[in-house]
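Q: Provided below: query.txt, containing compact mmCIF, C-alpha atoms.
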```
# COMPACT_ATOMS: atom_id res chain seq x y z
CA MET A 1 -2.12 23.89 8.44
CA SER A 2 -3.33 21.07 6.20
CA PHE A 3 -3.59 23.50 3.25
CA LEU A 4 0.21 23.84 3.28
CA PRO A 5 1.62 20.52 2.01
CA ASN A 6 4.21 19.04 4.36
CA ILE A 7 4.50 22.24 6.41
CA GLU A 8 3.94 21.29 10.04
CA PRO A 9 4.92 22.52 13.51
CA VAL A 10 4.76 19.02 15.04
CA THR A 11 8.48 18.30 14.51
CA MET A 12 9.43 21.55 16.23
CA LEU A 13 6.97 20.97 19.08
CA LEU A 14 8.20 17.43 19.71
CA ILE A 15 11.86 18.53 19.64
CA CYS A 16 11.03 21.33 22.09
CA THR A 17 9.02 19.06 24.39
CA THR A 18 11.62 16.29 24.37
CA ILE A 19 14.49 18.68 25.12
CA VAL A 20 12.62 19.98 28.17
CA TYR A 21 10.71 16.93 29.45
CA GLY A 22 12.78 14.01 28.18
CA ALA A 23 10.97 10.68 27.88
CA LYS A 24 7.73 12.24 29.16
CA ALA A 25 7.42 13.72 25.65
CA PHE A 26 6.10 10.32 24.55
CA TYR A 27 2.81 11.21 26.31
CA PRO A 28 1.92 14.28 24.19
CA CYS A 29 3.26 12.33 21.20
CA ALA A 30 0.81 9.50 21.85
CA ILE A 31 -2.06 11.94 22.40
CA PHE A 32 -1.25 13.69 19.12
CA VAL A 33 -1.18 10.40 17.19
CA LEU A 34 -4.50 9.33 18.71
CA ALA A 35 -6.04 12.72 17.95
CA GLU A 36 -4.91 12.38 14.31
CA GLY A 37 -6.61 9.00 14.13
CA LEU A 38 -9.83 10.35 15.63
CA LEU A 39 -9.84 13.41 13.35
CA TYR A 40 -8.81 11.84 10.05
CA GLY A 41 -9.72 8.21 10.56
CA PHE A 42 -7.64 5.12 11.28
CA GLY A 43 -6.47 4.54 7.71
CA TRP A 44 -3.03 3.50 6.54
CA TYR A 45 -1.56 6.90 7.38
CA PHE A 46 -2.45 6.40 11.03
CA PHE A 47 -0.10 3.41 11.17
CA VAL A 48 2.68 5.57 9.76
CA TYR A 49 2.11 8.13 12.51
CA VAL A 50 2.19 5.37 15.15
CA TYR A 51 5.91 4.88 14.51
CA ILE A 52 7.13 8.05 12.80
CA TRP A 53 6.58 10.51 15.67
CA PRO A 54 7.85 8.23 18.48
CA ILE A 55 10.99 7.66 16.37
CA LEU A 56 11.56 11.43 16.40
CA VAL A 57 11.13 11.57 20.19
CA ALA A 58 13.54 8.64 20.62
CA LEU A 59 16.08 10.32 18.33
CA ILE A 60 15.90 13.59 20.29
CA LEU A 61 16.30 11.66 23.55
CA LEU A 62 19.51 10.12 22.17
CA LEU A 63 20.85 13.44 20.95
CA ARG A 64 19.84 15.85 23.70
CA ARG A 65 22.82 15.19 25.94
CA HIS A 66 25.17 15.92 23.01
CA ILE A 67 23.58 18.94 21.34
CA THR A 68 23.80 22.36 22.98
CA SER A 69 23.09 24.51 19.95
CA PHE A 70 19.66 25.54 18.64
CA VAL A 71 21.19 25.82 15.16
CA LEU A 72 22.12 22.15 15.33
CA TRP A 73 18.63 21.27 16.62
CA THR A 74 17.20 23.19 13.65
CA LEU A 75 19.31 21.07 11.32
CA VAL A 76 18.07 17.92 13.07
CA GLY A 77 14.48 19.07 12.50
CA ALA A 78 15.24 19.86 8.85
CA LEU A 79 16.84 16.46 8.27
CA TYR A 80 13.88 14.71 9.89
CA GLY A 81 11.67 16.45 7.33
CA LEU A 82 13.90 15.17 4.53
CA PHE A 83 13.75 11.63 5.91
CA PHE A 84 9.99 11.76 6.56
CA GLY A 85 9.22 10.27 3.16
CA PRO A 86 11.63 7.32 3.43
CA LEU A 87 10.29 6.64 6.93
CA CYS A 88 6.73 6.58 5.55
CA CYS A 89 7.98 4.07 2.98
CA ILE A 90 8.56 1.51 5.74
CA GLU A 91 4.79 1.00 5.85
CA ALA A 92 4.62 0.76 2.06
CA PHE A 93 7.49 -1.76 2.08
CA VAL A 94 5.84 -3.97 4.69
CA VAL A 95 2.45 -3.91 2.96
CA ASP A 96 3.28 -3.73 -0.75
CA GLY A 97 6.95 -4.62 -1.18
CA TRP A 98 10.11 -2.77 -2.12
CA ARG A 99 9.02 -1.65 -5.61
CA MET A 100 6.00 0.18 -4.24
CA ALA A 101 8.06 1.63 -1.39
CA PHE A 102 10.70 2.89 -3.84
CA SER A 103 8.09 4.44 -6.17
CA TYR A 104 6.38 6.07 -3.22
CA TRP A 105 9.69 7.55 -2.05
CA ILE A 106 10.65 8.84 -5.51
CA SER A 107 7.23 10.46 -6.04
CA GLY A 108 7.44 12.15 -2.66
CA ILE A 109 10.96 13.62 -2.91
CA PRO A 110 9.84 17.16 -3.86
CA TYR A 111 7.52 17.12 -0.83
CA ASP A 112 10.29 15.79 1.43
CA ILE A 113 12.50 18.70 0.36
CA LEU A 114 9.62 21.10 1.05
CA HIS A 115 9.20 19.41 4.43
CA CYS A 116 12.93 19.84 5.11
CA VAL A 117 12.84 23.55 4.28
CA GLY A 118 9.60 24.04 6.22
CA ASN A 119 11.03 22.37 9.32
CA ALA A 120 14.22 24.45 9.03
CA VAL A 121 12.21 27.68 8.94
CA ILE A 122 9.80 26.73 11.72
CA CYS A 123 12.55 25.38 14.00
CA GLY A 124 14.84 28.28 13.13
CA VAL A 125 12.23 30.82 14.15
CA LEU A 126 10.32 29.14 16.97
CA LEU A 127 12.44 26.41 18.56
CA LYS A 128 14.67 28.63 20.69
CA PRO A 129 11.97 30.95 22.13
CA LEU A 130 9.52 28.08 22.77
CA THR A 131 12.10 25.80 24.36
CA THR A 132 13.40 28.63 26.54
CA LEU A 133 9.86 29.49 27.63
CA LEU A 134 8.98 25.86 28.32
CA GLN A 135 12.17 25.38 30.35
CA LYS A 136 11.42 28.48 32.41
CA LEU A 137 7.89 27.27 33.07
CA ALA A 138 8.92 23.70 33.87
CA TYR A 139 12.14 24.40 35.77
CA PRO A 140 12.11 28.07 36.83
CA GLU A 141 15.33 27.78 38.86
CA ALA A 142 17.38 25.76 36.36
CA LYS A 143 19.86 27.37 33.95
CA THR A 144 19.74 26.29 30.34
CA ASP A 145 22.95 25.17 28.63
CA ILE A 146 21.53 25.39 25.11
CA GLU A 147 22.57 28.43 23.07
CA MET B 1 38.73 22.23 21.76
CA SER B 2 35.99 24.04 23.67
CA SER B 3 32.47 22.66 23.67
CA MET B 4 31.21 25.68 21.68
CA SER B 5 33.71 25.31 18.84
CA LYS B 6 33.04 21.54 18.80
CA GLN B 7 29.32 22.27 18.35
CA LYS B 8 30.11 24.81 15.61
CA LYS B 9 32.24 22.25 13.77
CA THR B 10 29.48 19.64 14.14
CA THR B 11 26.92 22.16 12.90
CA ILE B 12 28.96 22.89 9.77
CA ILE B 13 29.44 19.19 9.06
CA VAL B 14 25.74 18.39 9.58
CA ALA B 15 24.73 21.36 7.40
CA ALA B 16 27.05 20.13 4.63
CA ILE B 17 25.61 16.61 4.93
CA ALA B 18 22.09 18.04 4.71
CA VAL B 19 22.94 19.93 1.50
CA VAL B 20 24.52 16.82 -0.04
CA LEU B 21 21.48 14.72 0.88
CA VAL B 22 19.06 17.25 -0.65
CA ILE B 23 21.10 17.29 -3.89
CA ALA B 24 21.27 13.48 -3.92
CA ALA B 25 17.50 13.27 -3.41
CA LEU B 26 16.91 15.66 -6.32
CA VAL B 27 19.21 13.61 -8.57
CA CYS B 28 17.31 10.41 -7.63
CA TRP B 29 13.99 12.10 -8.32
CA ALA B 30 15.12 13.39 -11.74
CA SER B 31 16.49 9.97 -12.66
CA PHE B 32 13.73 7.67 -11.47
CA ARG B 33 10.50 9.65 -11.63
CA PRO B 34 7.87 8.44 -14.08
CA LYS B 35 8.18 10.20 -17.46
CA ALA B 36 5.05 11.35 -19.29
CA LEU B 37 4.56 10.60 -23.02
CA GLU B 38 3.15 12.85 -25.73
CA GLY B 39 0.82 11.85 -28.56
CA VAL B 40 -2.30 9.75 -29.00
CA LYS B 41 -2.54 6.59 -26.92
CA GLU B 42 -5.08 3.77 -26.80
CA ILE B 43 -5.62 2.27 -23.36
CA SER B 44 -8.13 -0.08 -21.77
CA VAL B 45 -9.68 0.43 -18.35
CA THR B 46 -11.48 -2.27 -16.38
CA ILE B 47 -13.31 -1.62 -13.13
CA THR B 48 -14.29 -4.57 -10.96
CA HIS B 49 -16.86 -3.68 -8.35
CA THR B 50 -17.20 -5.47 -5.02
CA ASP B 51 -20.49 -7.03 -6.18
CA GLY B 52 -18.64 -8.67 -9.07
CA THR B 53 -19.91 -6.39 -11.84
CA VAL B 54 -17.27 -5.27 -14.32
CA ARG B 55 -17.13 -2.14 -16.43
CA ALA B 56 -14.69 -2.01 -19.33
CA GLU B 57 -13.75 1.00 -21.44
CA ASP B 58 -11.40 1.37 -24.40
CA ILE B 59 -10.10 4.91 -24.39
CA GLU B 60 -8.23 6.96 -26.96
CA THR B 61 -6.43 9.81 -25.27
CA THR B 62 -3.69 12.40 -25.59
CA ALA B 63 -3.52 12.75 -21.81
CA GLN B 64 -0.16 12.24 -20.19
CA TYR B 65 -1.42 10.88 -16.87
CA LEU B 66 -4.14 8.41 -15.96
CA SER B 67 -6.42 10.81 -14.06
CA GLU B 68 -6.49 13.16 -17.07
CA ALA B 69 -7.28 10.26 -19.41
CA LEU B 70 -10.25 9.22 -17.24
CA GLU B 71 -11.56 12.72 -16.59
CA PRO B 72 -14.03 12.79 -19.57
CA TYR B 73 -15.65 9.63 -18.19
CA ASP B 74 -16.16 10.98 -14.64
CA LEU B 75 -14.92 7.69 -13.23
CA LEU B 76 -12.79 8.95 -10.38
CA GLU B 77 -13.65 10.97 -7.29
CA GLY B 78 -11.65 11.56 -4.19
CA GLU B 79 -9.70 13.90 -1.99
CA ASP B 80 -7.06 16.27 -3.32
CA THR B 81 -3.96 15.80 -1.22
CA GLU B 82 -0.45 17.18 -1.49
CA TYR B 83 0.47 13.90 -3.21
CA GLY B 84 -2.30 14.10 -5.79
CA LEU B 85 -5.80 12.70 -5.97
CA PHE B 86 -6.56 10.13 -3.26
CA VAL B 87 -9.21 8.09 -5.08
CA LYS B 88 -12.14 7.13 -2.87
CA THR B 89 -14.89 6.53 -5.47
CA VAL B 90 -14.56 4.73 -8.78
CA ASP B 91 -17.53 4.45 -11.15
CA GLY B 92 -19.83 5.45 -8.29
CA GLU B 93 -18.58 2.91 -5.74
CA TYR B 94 -17.11 4.39 -2.56
CA ALA B 95 -14.29 2.69 -0.64
CA ASP B 96 -14.14 3.62 3.04
CA ASP B 97 -10.47 4.05 3.93
CA THR B 98 -11.30 4.43 7.64
CA GLU B 99 -12.48 0.79 7.42
CA GLY B 100 -9.24 -0.17 5.65
CA THR B 101 -10.78 -0.42 2.16
CA TYR B 102 -9.01 1.24 -0.75
CA TRP B 103 -9.29 1.46 -4.51
CA MET B 104 -6.18 0.09 -6.20
CA PHE B 105 -5.19 -0.26 -9.81
CA ASP B 106 -2.95 -2.61 -11.74
CA VAL B 107 -1.01 -1.54 -14.79
CA ASN B 108 -0.62 -4.32 -17.36
CA GLY B 109 -1.26 -6.94 -14.69
CA ALA B 110 1.15 -5.57 -12.09
CA MET B 111 0.20 -3.40 -9.12
CA GLY B 112 0.43 0.28 -10.01
CA GLU B 113 3.32 2.05 -8.35
CA TYR B 114 2.03 5.60 -8.64
CA GLY B 115 -1.09 7.59 -7.95
CA VAL B 116 -3.61 8.31 -10.70
CA ASP B 117 -2.24 11.85 -11.03
CA THR B 118 1.35 10.66 -11.55
CA GLN B 119 0.81 7.39 -13.46
CA PRO B 120 2.04 8.09 -17.01
CA VAL B 121 -0.15 6.72 -19.79
CA ALA B 122 1.47 4.67 -22.56
CA ASP B 123 -0.08 3.29 -25.75
CA GLY B 124 -1.49 -0.17 -25.16
CA ASP B 125 -1.61 0.05 -21.38
CA ALA B 126 -4.31 -1.90 -19.56
CA TYR B 127 -5.52 -0.50 -16.25
CA SER B 128 -7.60 -2.57 -13.82
CA PHE B 129 -9.30 -0.92 -10.85
CA TYR B 130 -10.39 -3.01 -7.87
CA THR B 131 -10.89 -2.63 -4.14
CA ILE B 132 -8.75 -4.15 -1.42
CA THR B 133 -9.37 -4.34 2.32
CA TYR B 134 -6.46 -4.48 4.79
```
Could you write out this structure as structure tokens?
A:
Amino acid sequence: MSFLPNIEPVTMLLICTTIVYGAKAFYPCAIFVLAEGLLYGFGWYFFVYVYIWPILVALILLLRRHITSFVLWTLVGALYGLFFGPLCCIEAFVVDGWRMAFSYWISGIPYDILHCVGNAVICGVLLKPLTTLLQKLAYPEAKTDIE
Amino acid sequence: MSSMSKQKKTTIIVAAIAVVLVIAALVCWASFRPKALEGVKEISVTITHTDGTVRAEDIETTAQYLSEALEPYDLLEGEDTEYGLFVKTVDGEYADDTEGTYWMFDVNGAMGEYGVDTQPVADGDAYSFYTITY
């Protein structure tokens, strides 16, 4: 989906996996980050991915005992898309200072909003059916308390 | 209050916060984004290669952004990304980003804060291209 700027299913997939498997979701997260490095090279963006996706998994782990609504999970996914740019700026701040980080964030705002909307649509459509399916496959006798 | 109505209330609050944040982000973008200038501008461009050779050009341009100003000189090549041109080759010299080497540019002696596609061009600006390895 690289031809669609900032439209990605990774956020939805990590939310879904973390809801069902908990901390074990760090394993597919790590594999994804490594695969990105092998596919696209270990440039500066790789270092962003090293922290940005595990932060999402950690956030979902903190929230999953409190959220029982797929609508709310969709909003979490949307907000993570909006904050994706500022999170990327951490790398820019560390390497090039606050001015560069601020400029990078400002330039990326339209793409962060696109990312937010994209995540909202993808999570809104796919999160519930995929999470339900994954839960049934992983724990066929358990009842889900997410609506 | 039942768990379901608590979740509904939380959902409404989070949705409202999301809308406010999107609006705030748009306001920041409109206020702080680099503004392009019209008219004829004279700029200087210096390219320092890794072998120490230097190429200097004085350019007269009506372009609003740096990449447009340099286009007639075929100085820049790279990858089109959603954030603009990711410059990989300047004046024929390739910088391998997988090895941590990048082309950078300074604007009037200070590190450029934007990409070549979004760097506005102003009369009298001096641009210096060089490579850096992290």
Q: For Tyr45 in chain A, which residue out of A:Phe32, A:Glu91, A:Gly22, A:Pro9 is the nearest one, using only C-alpha atoms?
A: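 Between A:Phe32, A:Glu91, A:Gly22, A:Pro9, the residue approaching Tyr45 in chain A most closely is A:Glu91.
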Q: Enumerate, as a list in words, the protein, DNA and RNA residues whose atoms approach (-18.8, 4.3, -6.1) to within 12 Å, taking into account all atoms listed in the file and the coordinate frame of the file.
A: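 Final list of nearby residues, as requested, is Ile47, Thr48, His49, Thr50, Asp51, Asp74, Leu75, Leu76, Glu77, Gly78, Val87, Lys88, Thr89, Val90, Asp91, Gly92, Glu93, Tyr94, Ala95, Asp96, Tyr102, Trp103, Phe129, Tyr130 and Thr131 of chain B.
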Q: Quick check: residues of chain B within 9 Å of chain A, only C-alpha atoms, returned as a ChimeraX atom specification.
A: /B:3-4,7-8,10-12,14-15,18,21-22,25-26,28-30,32-34,81-83,97-101,111-115,118,134
Q: So what do you get for CA of Gln119 in chain B versus CA of Val27 in chain B, distance-wise?
A: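 These two atoms are separated by 20.0 Å.
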Q: Write out as a list of chain:residue names each polymer residue whose atoms come within 10 Å of Thr11 in chain A, counting only C-alpha atoms; drop sequence neighbours fewer than 4 positions from it.
A: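 In the requested format, the answer is A:Ile7, A:Ile15, A:Cys16, A:Thr17, A:Trp53, A:Leu56, A:Val57, A:Val76, A:Gly77, A:Ala78, A:Tyr80, A:Gly81, A:Asn119, A:Ile122, A:Cys123, A:Leu127.
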Q: With only C-alpha atoms as the counted atoms, please give the residues lying no more than 10 Å from Pro28 in chain A, apart from itself and same-chain residues fewer than 4 positions off, as a PyMOL selection string.
A: chain A and resi 13-14+17-18+24+32-34
Q: I'd like the interatomic distance between CA of Ala56 in chain B and CA of Asp117 in chain B, to a tenth of an Å.
A: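 Those two atoms sit 20.4 Å apart.
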Q: Could you tell me how far CA of Ala122 in chain B sits from CA of Thr62 in chain B, in Å to one decimal place?
A: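 Interatomic distance, CA of Thr62 in chain B to CA of Ala122 in chain B: 9.8 Å.
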Q: What's the 6 Å shell around Val45 in chain B, counting all atoms listed in the file, without same-chain residues fewer than 3 positions away, as a list in words?
A: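 In the requested format, the answer is Ala56, Glu57, Ala126, Tyr127 and Ser128 of chain B.
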Q: The residues within 12 Å of (-6.2, 7.9, -27.5), using all atoms listed in the file and the coordinates of the file, should be reported as a list of chain:residue names; which are they?
A: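 So the residues meeting the distance criterion are B:Leu37, B:Glu38, B:Gly39, B:Val40, B:Lys41, B:Glu42, B:Ile43, B:Ser44, B:Glu57, B:Asp58, B:Ile59, B:Glu60, B:Thr61, B:Thr62, B:Ala63, B:Gln64, B:Leu66, B:Glu68, B:Ala69, B:Leu70, B:Val121, B:Ala122, B:Asp123, B:Gly124, B:Asp125.
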Q: Which of these, A:Ala58, A:Leu87, A:Val20, A:Val125, has the shortest distance to Ala138 in chain A once you count all atoms listed in the file?
A: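 Looking at the shortest contact to Ala138 in chain A, the residue is A:Val20.
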